[in-house]
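The next block is data23.pdb, given as PDB, C-alpha atoms, pLDDT in the B column.
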```pdb
ATOM      1  CA  MET A 124      10.467 -10.506  -4.544  1.00 87.00           C
ATOM      2  CA  ASN A 125      12.293  -7.628  -6.216  1.00 92.00           C
ATOM      3  CA  ARG A 126      11.448  -3.919  -5.850  1.00 91.00           C
ATOM      4  CA  GLU A 127       9.214  -3.757  -8.931  1.00 92.00           C
ATOM      5  CA  GLU A 128       7.246  -6.852  -7.904  1.00 94.00           C
ATOM      6  CA  LYS A 129       6.757  -5.446  -4.408  1.00 94.00           C
ATOM      7  CA  ILE A 130       5.527  -2.123  -5.794  1.00 92.00           C
ATOM      8  CA  ASN A 131       3.091  -3.881  -8.130  1.00 94.00           C
ATOM      9  CA  PHE A 132       1.796  -6.003  -5.246  1.00 95.00           C
ATOM     10  CA  ILE A 133       1.388  -2.916  -3.051  1.00 93.00           C
ATOM     11  CA  ILE A 134      -0.474  -0.962  -5.735  1.00 92.00           C
ATOM     12  CA  ASP A 135      -2.739  -3.884  -6.658  1.00 93.00           C
ATOM     13  CA  THR A 136      -3.545  -4.549  -2.998  1.00 91.00           C
ATOM     14  CA  PHE A 137      -4.182  -0.883  -2.194  1.00 89.00           C
ATOM     15  CA  ASP A 138      -6.412  -0.497  -5.273  1.00 88.00           C
ATOM     16  CA  SER A 139      -8.408  -3.509  -4.152  1.00 86.00           C
ATOM     17  CA  ALA A 140      -8.648  -2.171  -0.595  1.00 81.00           C
ATOM     18  CA  ILE A 141      -9.932   1.162  -1.878  1.00 80.00           C
ATOM     19  CA  SER A 142     -12.688  -0.605  -3.824  1.00 76.00           C
ATOM     20  CA  SER A 143     -13.589  -2.741  -0.813  1.00 69.00           C
ATOM     21  CA  ASN A 144     -13.586   0.253   1.478  1.00 64.00           C
ATOM     22  CA  LEU A 145     -15.907   2.196  -0.834  1.00 56.00           C
ATOM     23  CA  ASN A 146     -18.281  -0.734  -1.196  1.00 53.00           C
ATOM     24  CA  GLY A 147     -18.824  -1.592   2.424  1.00 58.00           C
ATOM     25  CA  GLY A 148     -16.079  -0.255   4.584  1.00 63.00           C
ATOM     26  CA  LEU A 149     -13.056  -1.899   6.076  1.00 63.00           C
ATOM     27  CA  ILE A 150     -11.748  -1.680   9.577  1.00 70.00           C
ATOM     28  CA  LEU A 151      -8.032  -1.187   9.105  1.00 72.00           C
ATOM     29  CA  PRO A 152      -5.164  -1.165  11.557  1.00 77.00           C
ATOM     30  CA  GLU A 153      -3.931   2.422  11.941  1.00 80.00           C
ATOM     31  CA  THR A 154      -0.517   1.824  10.362  1.00 80.00           C
ATOM     32  CA  ASP A 155      -2.100   0.185   7.307  1.00 82.00           C
ATOM     33  CA  GLU A 156      -4.601   3.012   7.003  1.00 82.00           C
ATOM     34  CA  VAL A 157      -1.740   5.517   7.013  1.00 87.00           C
ATOM     35  CA  TRP A 158      -0.131   3.740   4.063  1.00 88.00           C
ATOM     36  CA  LEU A 159      -3.427   3.456   2.200  1.00 86.00           C
ATOM     37  CA  ASN A 160      -4.054   7.183   2.689  1.00 87.00           C
ATOM     38  CA  ARG A 161      -0.514   7.978   1.584  1.00 89.00           C
ATOM     39  CA  TYR A 162      -1.151   5.944  -1.578  1.00 89.00           C
ATOM     40  CA  ILE A 163      -4.438   7.768  -2.241  1.00 88.00           C
ATOM     41  CA  THR A 164      -2.845  11.198  -1.831  1.00 89.00           C
ATOM     42  CA  SER A 165       0.310  10.417  -3.828  1.00 88.00           C
ATOM     43  CA  ASN A 166      -1.174  11.661  -7.122  1.00 82.00           C
ATOM     44  CA  GLY A 167       0.238   8.708  -9.041  1.00 82.00           C
ATOM     45  CA  ASP A 168       3.775   9.223  -7.760  1.00 86.00           C
ATOM     46  CA  PHE A 169       3.616   6.536  -5.087  1.00 88.00           C
ATOM     47  CA  PRO A 170       6.492   4.368  -6.406  1.00 87.00           C
ATOM     48  CA  ASN A 171       8.833   7.370  -6.242  1.00 86.00           C
ATOM     49  CA  GLU A 172       7.674   8.166  -2.716  1.00 83.00           C
ATOM     50  CA  LEU A 173       8.818   4.704  -1.623  1.00 83.00           C
ATOM     51  CA  ASP A 174      12.475   5.526  -2.245  1.00 76.00           C
ATOM     52  CA  ALA A 175      13.018   6.714   1.325  1.00 68.00           C
ATOM     53  CA  ASP A 176      14.733   4.245   3.661  1.00 65.00           C
ATOM     54  CA  GLY A 177      12.391   1.597   4.928  1.00 73.00           C
ATOM     55  CA  ASP A 178       9.318   2.954   3.157  1.00 89.00           C
ATOM     56  CA  LEU A 179       9.112   0.143   0.614  1.00 91.00           C
ATOM     57  CA  ASP A 180       9.231  -2.561   3.270  1.00 91.00           C
ATOM     58  CA  ALA A 181       6.756  -0.724   5.506  1.00 91.00           C
ATOM     59  CA  ALA A 182       4.309  -0.251   2.626  1.00 92.00           C
ATOM     60  CA  TYR A 183       4.807  -3.883   1.579  1.00 94.00           C
ATOM     61  CA  ASN A 184       4.028  -5.069   5.109  1.00 91.00           C
ATOM     62  CA  ALA A 185       0.878  -2.921   5.143  1.00 91.00           C
ATOM     63  CA  ALA A 186      -0.160  -4.436   1.798  1.00 91.00           C
ATOM     64  CA  ILE A 187       0.368  -7.948   3.180  1.00 92.00           C
ATOM     65  CA  ASN A 188      -1.847  -7.065   6.154  1.00 88.00           C
ATOM     66  CA  LEU A 189      -4.536  -5.598   3.886  1.00 85.00           C
ATOM     67  CA  ASN A 190      -4.362  -8.636   1.614  1.00 82.00           C
ATOM     68  CA  ARG A 191      -5.280 -10.840   4.584  1.00 79.00           C
ATOM     69  CA  ILE A 192      -8.471  -8.907   5.318  1.00 69.00           C
TER
END
```
Serialized structure, C-alpha cells:
Amino acid sequence: MNREEKINFIIDTFDSAISSNLNGGLILPETDEVWLNRYITSNGDFPNELDADGDLDAAYNAAINLNRI
C-alpha cells in the first residue's frame, strides 16, 4: 500500500470510529485513542502531520487496530 492509500485508509477508519464512538462508545487501546484524538484535533491537516518519521506507520497500525473493533 502506498502513502496515499494508507492515508485514505487511516482517515476512513478514523471517521468511522468517530461515528461509532458517538453512537455508543468504543473502548479503545490507549495508543489508538491517542491517534484518534490527534486526528480529531488536526483541523483537517492530518496528512501533513504524518510526515514525521514513523508517524504514518504508527497511525496506520492504529487504524488497523480500530478497523478490527
- Long-range neighbours of Trp158 of chain A as a ChimeraX atom specification, 7 Å cut-off, all atoms listed in the file, 3 positions minimum in chain: /A:154-155,161-162,182,185
- Item | Best match for closeness to Lys129 of chain A among A:Asn184, A:Ile150, A:Asn190, A:Asn166, counting all atoms listed in the file |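 With all atoms listed in the file as the atom set, the closest residue is A:Asn184.
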- Message: On this structure, the PyMOL selection byres ((chain A and resi 186) around 12) would catch which residues? List them as a PyMOL selection string, sorted by chain and number.
- Response: chain A and resi 129-141+151-152+154-159+162+179-185+187-192
- Provide the atom CA of Arg126 of chain A to atom CA of Asn160 of chain A distance in Å, to one decimal place. 20.9 Å
